[in-house]
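Undergrad: Structure file start.cif (mmCIF, C-alpha atoms and all ligand atoms) right here:
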data_final
#
loop_
_atom_site.label_atom_id
_atom_site.label_comp_id
_atom_site.auth_asym_id
_atom_site.auth_seq_id
_atom_site.Cartn_x
_atom_site.Cartn_y
_atom_site.Cartn_z
CA MET A 1335 23.12 24.91 8.27
CA ALA A 1336 26.37 24.73 6.40
CA THR A 1337 26.49 23.30 2.91
CA TYR A 1338 29.35 20.92 2.51
CA VAL A 1339 31.46 20.89 -0.61
CA THR A 1340 31.90 17.94 -2.89
CA SER A 1341 35.51 17.24 -3.64
CA PRO A 1342 35.98 16.17 -7.28
CA GLU A 1343 38.83 13.98 -6.10
CA SER A 1344 36.85 12.08 -3.48
CA SER A 1345 33.51 11.95 -5.32
CA SER A 1346 35.19 9.97 -8.05
CA ALA A 1347 37.08 7.83 -5.55
CA THR A 1348 35.37 4.45 -5.37
CA PRO A 1349 34.88 2.94 -1.92
CA LYS A 1350 37.36 0.23 -0.93
CA ARG A 1351 35.24 -2.68 -2.14
CA GLY A 1352 37.45 -5.70 -2.60
CA SER A 1353 39.69 -4.46 0.21
CA ASP A 1354 39.12 -5.90 3.67
CA VAL A 1355 39.18 -2.70 5.73
CA VAL A 1356 36.62 0.09 5.93
CA ARG A 1357 38.18 3.44 6.85
CA PHE A 1358 35.90 5.66 8.95
CA GLY A 1359 35.46 9.34 9.60
CA ILE A 1360 33.27 10.19 12.60
CA VAL A 1361 31.32 13.43 12.80
CA GLY A 1362 30.12 14.21 16.33
CA TYR A 1363 31.97 13.29 19.51
CA GLY A 1364 29.41 14.17 22.19
CA TYR A 1365 27.66 11.49 24.26
CA TRP A 1366 27.10 8.71 21.69
CA GLY A 1367 30.04 9.39 19.34
CA PRO A 1368 32.69 7.97 21.74
CA LYS A 1369 30.71 4.71 22.00
CA VAL A 1370 30.69 4.35 18.21
CA VAL A 1371 34.42 5.08 18.06
CA ARG A 1372 35.28 2.67 20.89
CA ASN A 1373 33.45 -0.13 19.09
CA LEU A 1374 34.97 0.65 15.70
CA GLU A 1375 38.45 0.73 17.22
CA HIS A 1376 38.02 -2.89 18.29
CA LEU A 1377 36.88 -4.21 14.92
CA PRO A 1378 39.56 -5.92 12.85
CA ASN A 1379 38.04 -4.70 9.56
CA ALA A 1380 37.55 -1.06 10.54
CA GLU A 1381 39.96 1.79 10.92
CA VAL A 1382 39.13 5.15 12.50
CA MET A 1383 40.92 7.75 10.39
CA THR A 1384 39.49 11.10 11.54
CA LEU A 1385 37.26 12.42 14.32
CA CYS A 1386 35.41 15.69 13.92
CA ASP A 1387 33.45 17.89 16.31
CA LEU A 1388 32.57 21.59 16.23
CA LYS A 1389 33.24 21.96 19.97
CA VAL A 1390 36.72 22.50 21.37
CA ALA A 1391 35.94 20.50 24.52
CA ALA A 1392 34.80 17.50 22.47
CA ARG A 1393 37.94 17.66 20.32
CA LYS A 1394 40.15 17.80 23.42
CA ARG A 1395 38.40 14.74 24.80
CA ALA A 1396 38.79 12.94 21.47
CA HIS A 1397 42.50 13.75 21.39
CA LYS A 1398 42.95 12.46 24.94
CA ASP A 1399 41.07 9.24 24.10
CA TYR A 1400 42.78 8.65 20.72
CA PRO A 1401 46.07 10.56 20.46
CA GLN A 1402 46.99 8.67 17.27
CA VAL A 1403 43.83 9.70 15.39
CA GLU A 1404 43.49 12.91 13.39
CA ILE A 1405 41.04 15.35 15.05
CA VAL A 1406 39.42 18.15 13.04
CA SER A 1407 36.83 20.89 13.57
CA ASP A 1408 35.55 21.24 10.01
CA PRO A 1409 33.21 18.43 8.86
CA ALA A 1410 34.11 19.17 5.22
CA GLU A 1411 37.60 17.78 5.90
CA VAL A 1412 36.14 14.41 6.85
CA LEU A 1413 33.40 14.40 4.25
CA THR A 1414 35.73 15.03 1.33
CA SER A 1415 38.79 13.06 2.43
CA PRO A 1416 39.89 10.52 -0.18
CA GLU A 1417 41.28 8.43 2.71
CA ILE A 1418 37.81 7.73 4.08
CA ASP A 1419 35.27 5.10 2.89
CA ALA A 1420 32.44 5.59 5.39
CA ILE A 1421 31.12 8.37 7.60
CA ALA A 1422 29.46 7.86 10.98
CA VAL A 1423 27.06 10.76 11.56
CA VAL A 1424 26.67 11.03 15.35
CA THR A 1425 25.27 14.54 15.65
CA PRO A 1426 21.81 15.93 16.57
CA VAL A 1427 18.97 14.89 14.23
CA TRP A 1428 18.57 18.26 12.50
CA THR A 1429 22.11 17.90 11.11
CA HIS A 1430 21.76 14.30 9.83
CA TYR A 1431 20.37 15.14 6.39
CA GLU A 1432 23.02 17.72 5.39
CA LEU A 1433 25.91 15.62 6.68
CA ALA A 1434 24.66 12.32 5.23
CA LYS A 1435 23.90 13.97 1.89
CA ALA A 1436 27.39 15.45 1.67
CA ALA A 1437 28.91 12.10 2.63
CA LEU A 1438 26.98 10.28 -0.12
CA GLU A 1439 27.77 12.96 -2.68
CA ASN A 1440 31.44 12.44 -1.85
CA GLY A 1441 31.17 8.69 -2.42
CA LYS A 1442 31.09 7.61 1.25
CA HIS A 1443 28.89 4.97 2.88
CA VAL A 1444 26.85 6.32 5.78
CA PHE A 1445 26.20 5.05 9.29
CA VAL A 1446 23.73 7.57 10.67
CA GLU A 1447 22.16 7.94 14.09
CA LYS A 1448 18.48 7.52 14.82
CA PRO A 1449 16.15 9.10 13.92
CA PHE A 1450 17.38 8.99 10.31
CA THR A 1451 16.22 12.49 9.32
CA SER A 1452 13.89 15.29 10.44
CA ASN A 1453 11.26 14.47 7.80
CA THR A 1454 10.31 11.89 5.18
CA ALA A 1455 11.29 14.01 2.15
CA GLN A 1456 14.88 14.17 3.40
CA ALA A 1457 14.95 10.41 4.04
CA GLN A 1458 13.61 9.65 0.55
CA GLU A 1459 16.19 11.90 -1.06
CA LEU A 1460 19.06 10.22 0.79
CA ILE A 1461 17.80 6.74 -0.12
CA GLU A 1462 17.64 7.69 -3.82
CA LEU A 1463 21.10 9.25 -3.70
CA ALA A 1464 22.62 6.15 -2.06
CA GLU A 1465 20.94 3.87 -4.61
CA LYS A 1466 22.20 6.00 -7.49
CA LYS A 1467 25.76 5.84 -6.17
CA ASN A 1468 25.57 2.22 -4.97
CA LEU A 1469 26.44 3.24 -1.41
CA LYS A 1470 25.11 1.84 1.87
CA ILE A 1471 23.06 3.67 4.46
CA MET A 1472 22.66 2.10 7.88
CA VAL A 1473 20.49 3.82 10.47
CA ASP A 1474 21.65 3.18 14.02
CA HIS A 1475 18.64 1.30 15.39
CA THR A 1476 20.88 -0.18 18.08
CA PHE A 1477 18.19 -2.15 19.89
CA LEU A 1478 17.72 -4.50 16.93
CA PHE A 1479 21.12 -5.93 17.81
CA THR A 1480 20.45 -6.56 21.50
CA PRO A 1481 20.27 -10.21 22.61
CA ALA A 1482 16.67 -9.73 23.80
CA VAL A 1483 15.35 -8.30 20.51
CA ARG A 1484 17.23 -10.94 18.54
CA LYS A 1485 15.61 -13.64 20.69
CA ILE A 1486 12.14 -12.12 20.36
CA HIS A 1487 12.63 -11.95 16.58
CA GLU A 1488 13.54 -15.65 16.59
CA LEU A 1489 10.45 -16.53 18.67
CA LEU A 1490 8.12 -14.54 16.42
CA SER A 1491 9.70 -15.97 13.26
CA GLU A 1492 9.04 -19.48 14.61
CA ASN A 1493 5.42 -18.42 15.32
CA THR A 1494 5.86 -19.30 19.03
CA LEU A 1495 3.30 -16.68 20.07
CA GLY A 1496 0.79 -17.49 17.32
CA ARG A 1497 -1.29 -14.72 15.75
CA LEU A 1498 -0.40 -11.44 17.46
CA TYR A 1499 -3.04 -9.48 19.38
CA TYR A 1500 -1.00 -6.56 20.68
CA TYR A 1501 2.41 -4.92 21.10
CA ASP A 1502 2.72 -2.61 24.09
CA SER A 1503 5.88 -0.69 24.88
CA MET A 1504 6.74 1.71 27.71
CA ARG A 1505 9.87 3.88 27.77
CA VAL A 1506 9.61 6.42 30.56
CA ASN A 1507 12.03 8.23 32.89
CA LEU A 1508 12.75 11.65 34.40
CA GLY A 1509 14.45 13.69 31.62
CA LEU A 1510 16.90 13.96 29.95
CA PHE A 1511 15.20 16.93 28.30
CA GLN A 1512 16.52 17.65 24.80
CA HIS A 1513 16.65 21.21 23.47
CA ASP A 1514 16.00 20.47 19.81
CA ILE A 1515 13.53 17.56 19.78
CA ASN A 1516 10.54 16.38 21.79
CA VAL A 1517 10.21 13.10 23.67
CA ILE A 1518 8.70 11.42 20.59
CA TRP A 1519 11.68 12.08 18.31
CA ASP A 1520 14.09 11.29 21.15
CA LEU A 1521 12.73 8.06 22.64
CA ALA A 1522 10.07 6.63 20.30
CA PRO A 1523 12.53 5.82 17.46
CA HIS A 1524 13.73 2.97 19.69
CA ASP A 1525 10.27 1.48 20.19
CA LEU A 1526 9.12 2.09 16.63
CA SER A 1527 12.26 0.62 15.06
CA ILE A 1528 12.05 -2.47 17.31
CA MET A 1529 8.35 -2.90 16.48
CA ASP A 1530 9.05 -2.39 12.75
CA HIS A 1531 11.73 -5.07 12.90
CA LEU A 1532 9.70 -7.60 14.88
CA ILE A 1533 6.35 -7.26 13.12
CA SER A 1534 6.40 -7.92 9.40
CA GLU A 1535 3.02 -6.25 8.75
CA ARG A 1536 3.04 -2.46 8.43
CA PRO A 1537 0.76 -0.23 10.51
CA GLU A 1538 -2.10 1.43 8.61
CA ALA A 1539 -2.88 4.37 10.85
CA ILE A 1540 -1.79 6.21 14.00
CA VAL A 1541 -3.66 8.00 16.77
CA ALA A 1542 -1.49 9.90 19.23
CA THR A 1543 -1.97 12.22 22.14
CA GLY A 1544 0.63 14.11 24.09
CA GLN A 1545 1.43 17.25 25.99
CA SER A 1546 4.24 19.71 26.57
CA HIS A 1547 4.47 20.91 30.16
CA LEU A 1548 7.86 22.55 30.37
CA ASN A 1549 9.65 23.92 27.32
CA GLY A 1550 7.12 23.89 24.50
CA LEU A 1551 8.24 20.47 23.26
CA GLU A 1552 6.11 17.41 24.02
CA ASP A 1553 7.41 15.67 27.13
CA ILE A 1554 4.81 12.90 27.22
CA ALA A 1555 3.09 10.95 24.44
CA PHE A 1556 0.77 7.98 23.95
CA ILE A 1557 0.93 6.52 20.46
CA THR A 1558 -1.52 3.90 19.15
CA LEU A 1559 -0.79 2.11 15.89
CA TYR A 1560 -3.43 0.13 14.00
CA PHE A 1561 -2.29 -2.85 11.94
CA PRO A 1562 -4.27 -5.08 9.60
CA ASP A 1563 -5.96 -8.14 11.14
CA LYS A 1564 -6.81 -6.41 14.45
CA LEU A 1565 -3.23 -6.23 15.74
CA VAL A 1566 -2.83 -3.06 17.77
CA ALA A 1567 0.34 -1.47 19.13
CA HIS A 1568 0.87 1.14 21.80
CA VAL A 1569 3.98 3.13 22.68
CA ASN A 1570 4.21 5.32 25.77
CA VAL A 1571 7.17 7.71 26.02
CA ASN A 1572 7.54 10.16 28.89
CA TRP A 1573 10.25 12.44 30.31
CA LEU A 1574 8.20 13.20 33.42
CA SER A 1575 8.11 9.78 35.04
CA PRO A 1576 9.43 9.39 38.61
CA VAL A 1577 10.81 5.96 37.72
CA LYS A 1578 12.61 4.51 34.75
CA ILE A 1579 10.62 1.79 32.99
CA ARG A 1580 11.63 -0.07 29.83
CA THR A 1581 9.07 -2.77 29.35
CA THR A 1582 7.50 -4.36 26.27
CA LEU A 1583 4.60 -6.80 26.28
CA ILE A 1584 3.68 -8.82 23.22
CA GLY A 1585 0.47 -10.83 23.35
CA GLY A 1586 -0.36 -13.62 20.96
CA GLU A 1587 -3.00 -16.28 20.51
CA LYS A 1588 -0.69 -19.06 21.76
CA LYS A 1589 1.77 -17.32 24.13
CA MET A 1590 2.64 -13.93 25.55
CA LEU A 1591 5.96 -12.39 26.45
CA VAL A 1592 7.33 -9.65 28.65
CA TRP A 1593 10.68 -8.00 28.01
CA ASN A 1594 12.03 -5.92 30.87
CA ASP A 1595 15.15 -4.24 29.52
CA GLN A 1596 16.16 -3.24 33.05
CA ALA A 1597 16.01 -6.65 34.66
CA VAL A 1598 19.37 -7.95 35.82
CA ASP A 1599 18.49 -11.47 34.78
CA GLU A 1600 15.44 -13.12 33.24
CA GLU A 1601 15.09 -10.03 31.07
CA LEU A 1602 12.74 -11.91 28.76
CA LYS A 1603 9.90 -14.11 29.95
CA VAL A 1604 7.58 -16.14 27.76
CA TYR A 1605 4.24 -17.11 29.33
CA ASP A 1606 2.15 -20.02 28.21
CA LYS A 1607 -0.98 -18.05 29.05
CA GLY A 1608 -3.99 -17.32 26.95
CA VAL A 1609 -7.73 -17.28 26.58
CA THR A 1610 -9.90 -19.57 24.48
CA VAL A 1611 -13.56 -18.86 23.77
CA THR A 1612 -15.54 -22.06 24.01
CA SER A 1613 -19.08 -20.86 23.21
CA PRO A 1614 -19.36 -18.29 20.47
CA GLU A 1615 -23.14 -17.59 20.83
CA GLY A 1616 -22.90 -14.06 22.15
CA VAL A 1617 -21.53 -12.10 25.02
CA TYR A 1618 -23.94 -13.33 27.70
CA ASN A 1619 -23.33 -17.00 27.04
CA LEU A 1620 -19.65 -16.55 26.46
CA LEU A 1621 -17.55 -19.25 28.03
CA VAL A 1622 -13.85 -18.63 28.15
CA ASN A 1623 -11.08 -20.93 29.22
CA TYR A 1624 -8.04 -19.32 30.77
CA ARG A 1625 -4.87 -21.19 30.10
CA SER A 1626 -2.16 -20.66 32.66
CA GLY A 1627 0.84 -22.82 31.86
CA ASP A 1628 4.55 -22.52 32.43
CA MET A 1629 6.72 -19.45 32.30
CA TRP A 1630 10.00 -19.77 30.45
CA ALA A 1631 12.94 -17.34 30.57
CA PRO A 1632 15.10 -17.97 27.49
CA ARG A 1633 18.83 -17.74 27.99
CA LEU A 1634 20.20 -14.64 26.28
CA GLU A 1635 23.71 -14.29 24.91
CA ARG A 1636 25.88 -11.54 26.43
CA ALA A 1637 26.99 -9.20 23.66
CA GLU A 1638 27.16 -5.44 23.16
CA ALA A 1639 24.57 -4.44 20.58
CA LEU A 1640 26.69 -1.67 19.04
CA THR A 1641 29.63 -4.04 18.47
CA ARG A 1642 27.38 -6.45 16.62
CA GLU A 1643 25.75 -3.66 14.64
CA LEU A 1644 29.00 -2.03 13.52
CA THR A 1645 30.47 -5.44 12.62
CA TYR A 1646 27.38 -5.97 10.45
CA PHE A 1647 27.77 -2.51 8.85
CA VAL A 1648 31.40 -3.21 7.95
CA ASP A 1649 30.38 -6.63 6.53
CA CYS A 1650 27.60 -5.06 4.45
CA VAL A 1651 30.03 -2.52 3.00
CA LEU A 1652 32.73 -5.10 2.26
CA LYS A 1653 30.30 -7.65 0.79
CA ASP A 1654 28.18 -5.04 -1.00
CA GLU A 1655 25.03 -6.18 0.81
CA ASN A 1656 22.05 -4.12 1.90
CA PRO A 1657 21.57 -3.96 5.68
CA MET A 1658 18.17 -4.72 7.25
CA ASN A 1659 18.29 -1.37 9.08
CA ASP A 1660 18.87 0.55 5.87
CA GLY A 1661 17.54 3.93 4.79
CA LYS A 1662 14.13 2.41 4.05
CA ALA A 1663 13.85 1.10 7.61
CA GLY A 1664 14.90 4.57 8.83
CA LEU A 1665 12.27 6.15 6.57
CA ARG A 1666 9.48 3.93 7.97
CA VAL A 1667 10.34 5.14 11.48
CA VAL A 1668 10.41 8.79 10.35
CA GLN A 1669 6.99 8.28 8.69
CA MET A 1670 5.57 7.01 11.98
CA LEU A 1671 7.16 9.92 13.90
CA GLU A 1672 5.71 12.44 11.45
CA ALA A 1673 2.25 10.87 11.62
CA THR A 1674 2.47 10.91 15.43
CA THR A 1675 3.33 14.61 15.43
CA LYS A 1676 0.42 15.35 13.08
CA SER A 1677 -2.05 13.37 15.17
CA ILE A 1678 -0.94 15.07 18.41
CA SER A 1679 -1.31 18.51 16.81
CA GLN A 1680 -4.96 17.59 16.08
CA ARG A 1681 -5.56 16.19 19.58
CA GLY A 1682 -5.61 12.55 18.59
CA ALA A 1683 -6.87 12.63 14.99
CA LEU A 1684 -6.58 9.39 13.01
CA VAL A 1685 -3.64 9.77 10.60
CA TYR A 1686 -3.24 7.18 7.82
CA LEU A 1687 0.25 6.03 6.93
N1 LIG B 1 21.44 4.67 19.09
C1 LIG B 1 21.31 5.07 20.33
O1 LIG B 1 20.96 4.31 21.24
C2 LIG B 1 21.59 6.50 20.65
C3 LIG B 1 21.85 6.92 21.96
C4 LIG B 1 22.12 8.27 22.19
C5 LIG B 1 22.10 9.17 21.14
N2 LIG B 1 21.81 8.73 19.88
C6 LIG B 1 21.77 9.66 18.74
O2 LIG B 1 23.09 10.15 18.50
C7 LIG B 1 23.03 11.48 18.01
C8 LIG B 1 23.92 12.37 18.89
O3 LIG B 1 23.42 12.32 20.20
P1 LIG B 1 24.34 12.71 21.44
O4 LIG B 1 23.54 12.37 22.65
O5 LIG B 1 25.69 12.16 21.28
O6 LIG B 1 24.37 14.29 21.27
P2 LIG B 1 25.47 15.31 21.87
O7 LIG B 1 24.85 16.65 21.81
O8 LIG B 1 25.99 14.79 23.17
O9 LIG B 1 26.67 15.22 20.83
C9 LIG B 1 26.58 15.68 19.52
C10 LIG B 1 27.95 16.24 19.12
O10 LIG B 1 27.90 16.57 17.73
C11 LIG B 1 28.61 17.77 17.54
N3 LIG B 1 28.14 18.39 16.31
C12 LIG B 1 26.92 18.91 16.04
N4 LIG B 1 26.86 19.33 14.76
C13 LIG B 1 28.05 19.05 14.20
C14 LIG B 1 28.59 19.22 12.90
N5 LIG B 1 27.87 19.77 11.91
N6 LIG B 1 29.86 18.85 12.69
C15 LIG B 1 30.61 18.29 13.69
N7 LIG B 1 30.15 18.09 14.93
C16 LIG B 1 28.88 18.46 15.19
C17 LIG B 1 28.33 18.60 18.78
O11 LIG B 1 29.30 19.58 18.97
C18 LIG B 1 28.32 17.53 19.86
O12 LIG B 1 29.57 17.38 20.48
C19 LIG B 1 21.55 11.87 18.02
O13 LIG B 1 21.01 11.69 16.73
C20 LIG B 1 20.92 10.89 18.98
O14 LIG B 1 19.56 10.62 18.68
C21 LIG B 1 21.58 7.43 19.62
#
As structure tokens, how would this structure be written, given the file I've shared?
Ligand SMILES: NC(=O)c1ccc[n+]([C@@H]2O[C@H](COP(=O)([O-])OP(=O)(O)OC[C@H]3O[C@@H](n4cnc5c(N)ncnc54)[C@H](O)[C@@H]3O)[C@@H](O)[C@H]2O)c1
TA:
Amino acid sequence: MATYVTSPESSSATPKRGSDVVRFGIVGYGYWGPKVVRNLEHLPNAEVMTLCDLKVAARKRAHKDYPQVEIVSDPAEVLTSPEIDAIAVVTPVWTHYELAKAALENGKHVFVEKPFTSNTAQAQELIELAEKKNLKIMVDHTFLFTPAVRKIHELLSENTLGRLYYYDSMRVNLGLFQHDINVIWDLAPHDLSIMDHLISERPEAIVATGQSHLNGLEDIAFITLYFPDKLVAHVNVNWLSPVKIRTTLIGGEKKMLVWNDQAVDEELKVYDKGVTVTSPEGVYNLLVNYRSGDMWAPRLERAEALTRELTYFVDCVLKDENPMNDGKAGLRVVQMLEATTKSISQRGALVYL
């Protein structure tokens, strides 16, 4: 991995706080990079200054899409440019640490893709560096900004579901196989970051099982997370499923909800269903009442999550505020991913967080 230089000129350049525009350099113009750029281009307080990719084909595409924007092949040009306030790191995970570190060392704020880093030590180092330099890190946990997750967050904050019993999330499809990371590091950051955002308690331990059938990297995994107060969470990620499923169930004492991210409408349904134990004198005498009330599908706003997220990033930079999906949130996800990997390597050992 290349080591990027620190330009004395740009490291001393203070970000444009007080100004009302954040000037961006984007590193990585593969699949996700163009979506980040398209959204930034539409924000009144953001300006895309330079796009960078190592690949000729990606640079050609970038030039065709944005002929007015400077396109470069060397990341150091973006990372050290005194014209740039913030770097969007939209490259594979194993490059995030080096690129984000160089960006911070050069006095730039960082918007970095999920998962934040390849391990917790890297994440901790970046958090400390950003704090020392008073710079922002935002980890792209895009789903937190979807209308459904925002609504679920509102419902949980209002205690609509009551005490939580379980969180159960399924993210399965056929492929797309990644060459550098397994299905856990590819798909589970979504589920784990959503769960981390929605549930204020932190999990205490993880048990995970999984298997690699094709290229030596796990292509299927079952992750169980134990929380205090008997709340249990489960995440199933799988690249070998014949159908695509994106469903989350959250069960509480008062209500339960189902979020089907693929539903065309009524994506989120809240059920007034539950169970009450009426005689506590032991299993054989147990009397339970099943409550089966109404189902309610809350109306969800129509908004692109990435637009909302990048607007929020620009606001945080301009107002010098810490984002909710900061480096620490990114670190918590990386901690869970690491613990999952460790548990799988020991065929489902209990790993404390
Ligand atoms: N938030 C989301 O929902 C979401 C969705 C898809 C991907 N992602 C994340 O985005 C990142 C990129 O994923 P992708 O699918 O776009 O990958 P990709 O392979 O399609 O694109 C990555 C691009 O980065 C370039 N690149 C790699 N190293 C570079 C470097 N040092 N300097 C400049 N360019 C470099 C590559 O040439 C490539 O064009 C990953 O971390 C992935 O997890 C996030």
Undergrad: Using only C-alpha atoms and all ligand atoms, find each residue with an atom at most 6 Å away from ligand LIG 1 (chain B) and format the answer as a PyMOL selection string.
TA: chain A and resi 1361-1367+1386-1389+1392+1409+1424-1427+1447-1448+1474-1476
Undergrad: Can you sort out the box for stretch 1401-1417 of chain A, edges along x, y and z, all listed atoms in, 3 Å on every side, with centre and edge lengths in Å to one decimal, as AutoDock Vina command-line options?
TA:
--center_x 40.1 --center_y 14.8 --center_z 10.1 --size_x 19.8 --size_y 18.8 --size_z 26.6
Undergrad: Give me, as CSV, each residue of stretch 1573-1598 of chain A that comes within 10 Å of stretch 1541-1565 of chain A, together with its shortest interatomic pair and the distance in Å at one decimal, counting only C-alpha atoms, with rows ordered by chain and rising residue number.
TA:
residue,atom,partner,partner_atom,distance
A:Trp1573,CA,A:Asp1553,CA,5.3
A:Leu1574,CA,A:Asp1553,CA,6.8
A:Ser1575,CA,A:Ile1554,CA,9.0
A:Gly1585,CA,A:Leu1565,CA,9.6
A:Gly1586,CA,A:Leu1565,CA,9.5
Undergrad: One number please: atom CA of A:Thr1454 to atom CA of A:Val1667, in Å, one decimal.
TA: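 Value for the atom CA of A:Thr1454-atom CA of A:Val1667 distance: 9.2 Å.
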Undergrad: Mind listing whatever residues come within 12 Å of the point (25.2, 11.7, -0.8)? Use all atoms listed in the file, file coordinates, and give them as a VMD selection string.
TA: chain A and resid 1338 to 1340 1344 to 1345 1413 to 1414 1420 to 1421 1430 to 1444 1456 to 1471
Undergrad: Could you take the residues named above and write them with C-alpha atoms, as a tab-separated table (two decimals), keeping the file's coordinate frame?
TA:
chain	number	residue	atom	x	y	z
A	1338	TYR	CA	29.35	20.92	2.51
A	1339	VAL	CA	31.46	20.89	-0.61
A	1340	THR	CA	31.90	17.94	-2.89
A	1344	SER	CA	36.85	12.08	-3.48
A	1345	SER	CA	33.51	11.95	-5.32
A	1413	LEU	CA	33.40	14.40	4.25
A	1414	THR	CA	35.73	15.03	1.33
A	1420	ALA	CA	32.44	5.59	5.39
A	1421	ILE	CA	31.12	8.37	7.60
A	1430	HIS	CA	21.76	14.30	9.83
A	1431	TYR	CA	20.37	15.14	6.39
A	1432	GLU	CA	23.02	17.72	5.39
A	1433	LEU	CA	25.91	15.62	6.68
A	1434	ALA	CA	24.66	12.32	5.23
A	1435	LYS	CA	23.90	13.97	1.89
A	1436	ALA	CA	27.39	15.45	1.67
A	1437	ALA	CA	28.91	12.10	2.63
A	1438	LEU	CA	26.98	10.28	-0.12
A	1439	GLU	CA	27.77	12.96	-2.68
A	1440	ASN	CA	31.44	12.44	-1.85
A	1441	GLY	CA	31.17	8.69	-2.42
A	1442	LYS	CA	31.09	7.61	1.25
A	1443	HIS	CA	28.89	4.97	2.88
A	1444	VAL	CA	26.85	6.32	5.78
A	1456	GLN	CA	14.88	14.17	3.40
A	1457	ALA	CA	14.95	10.41	4.04
A	1458	GLN	CA	13.61	9.65	0.55
A	1459	GLU	CA	16.19	11.90	-1.06
A	1460	LEU	CA	19.06	10.22	0.79
A	1461	ILE	CA	17.80	6.74	-0.12
A	1462	GLU	CA	17.64	7.69	-3.82
A	1463	LEU	CA	21.10	9.25	-3.70
A	1464	ALA	CA	22.62	6.15	-2.06
A	1465	GLU	CA	20.94	3.87	-4.61
A	1466	LYS	CA	22.20	6.00	-7.49
A	1467	LYS	CA	25.76	5.84	-6.17
A	1468	ASN	CA	25.57	2.22	-4.97
A	1469	LEU	CA	26.44	3.24	-1.41
A	1470	LYS	CA	25.11	1.84	1.87
A	1471	ILE	CA	23.06	3.67	4.46
Undergrad: Within 12 Å of (16.4, -8.7, 31.8) (coordinates as in the file), grab all the protein and nucleic acid residues, counting only C-alpha atoms, and write them out as a CSV table (one decimal) with C-alpha atoms, in the frame of the given file.
TA:
chain,number,residue,atom,x,y,z
A,1480,THR,CA,20.4,-6.6,21.5
A,1481,PRO,CA,20.3,-10.2,22.6
A,1482,ALA,CA,16.7,-9.7,23.8
A,1483,VAL,CA,15.4,-8.3,20.5
A,1580,ARG,CA,11.6,-0.1,29.8
A,1581,THR,CA,9.1,-2.8,29.4
A,1582,THR,CA,7.5,-4.4,26.3
A,1592,VAL,CA,7.3,-9.6,28.6
A,1593,TRP,CA,10.7,-8.0,28.0
A,1594,ASN,CA,12.0,-5.9,30.9
A,1595,ASP,CA,15.2,-4.2,29.5
A,1596,GLN,CA,16.2,-3.2,33.0
A,1597,ALA,CA,16.0,-6.6,34.7
A,1598,VAL,CA,19.4,-8.0,35.8
A,1599,ASP,CA,18.5,-11.5,34.8
A,1600,GLU,CA,15.4,-13.1,33.2
A,1601,GLU,CA,15.1,-10.0,31.1
A,1602,LEU,CA,12.7,-11.9,28.8
A,1603,LYS,CA,9.9,-14.1,30.0
A,1631,ALA,CA,12.9,-17.3,30.6
A,1632,PRO,CA,15.1,-18.0,27.5
A,1633,ARG,CA,18.8,-17.7,28.0
A,1634,LEU,CA,20.2,-14.6,26.3
A,1635,GLU,CA,23.7,-14.3,24.9
A,1636,ARG,CA,25.9,-11.5,26.4
Undergrad: For atom CA of A:Arg1505 and atom CA of A:Met1629, quote the distance in Å rounded to one decimal.
TA: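 Taking atom CA of A:Arg1505 and atom CA of A:Met1629, their separation equals 24.0 Å.
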Undergrad: Interatomic distance between atom CA of A:Thr1429 and atom CA of A:Gly1664?
TA: 15.3 Å
Undergrad: Looking at A:Val1355, A:Leu1490, A:Leu1508, A:Leu1684, which one is nearest to A:Ile1533, with distances taken over all atoms listed in the file?
TA: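 Ranked by minimum distance to A:Ile1533, first place goes to A:Leu1490.
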Undergrad: Measuring atom to atom with all atoms listed in the file, identify which of A:Met1472, A:Leu1532, A:Val1611, A:Gln1512 is nearest to A:Asn1656.
TA: A:Met1472
Undergrad: Identify which of the residues A:His1376, A:Arg1666, A:Arg1357, A:His1487 lies closest to A:Val1651, counting all atoms listed in the file when measuring atom-to-atom distances.
TA: A:Arg1357
Undergrad: Select, from A:Val1648, A:Ala1422, A:Ala1391, A:Leu1591, the residue with the minimum atom-to-atom distance to A:Val1446, counting all atoms listed in the file.
TA: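 Nearest to A:Val1446: A:Ala1422.
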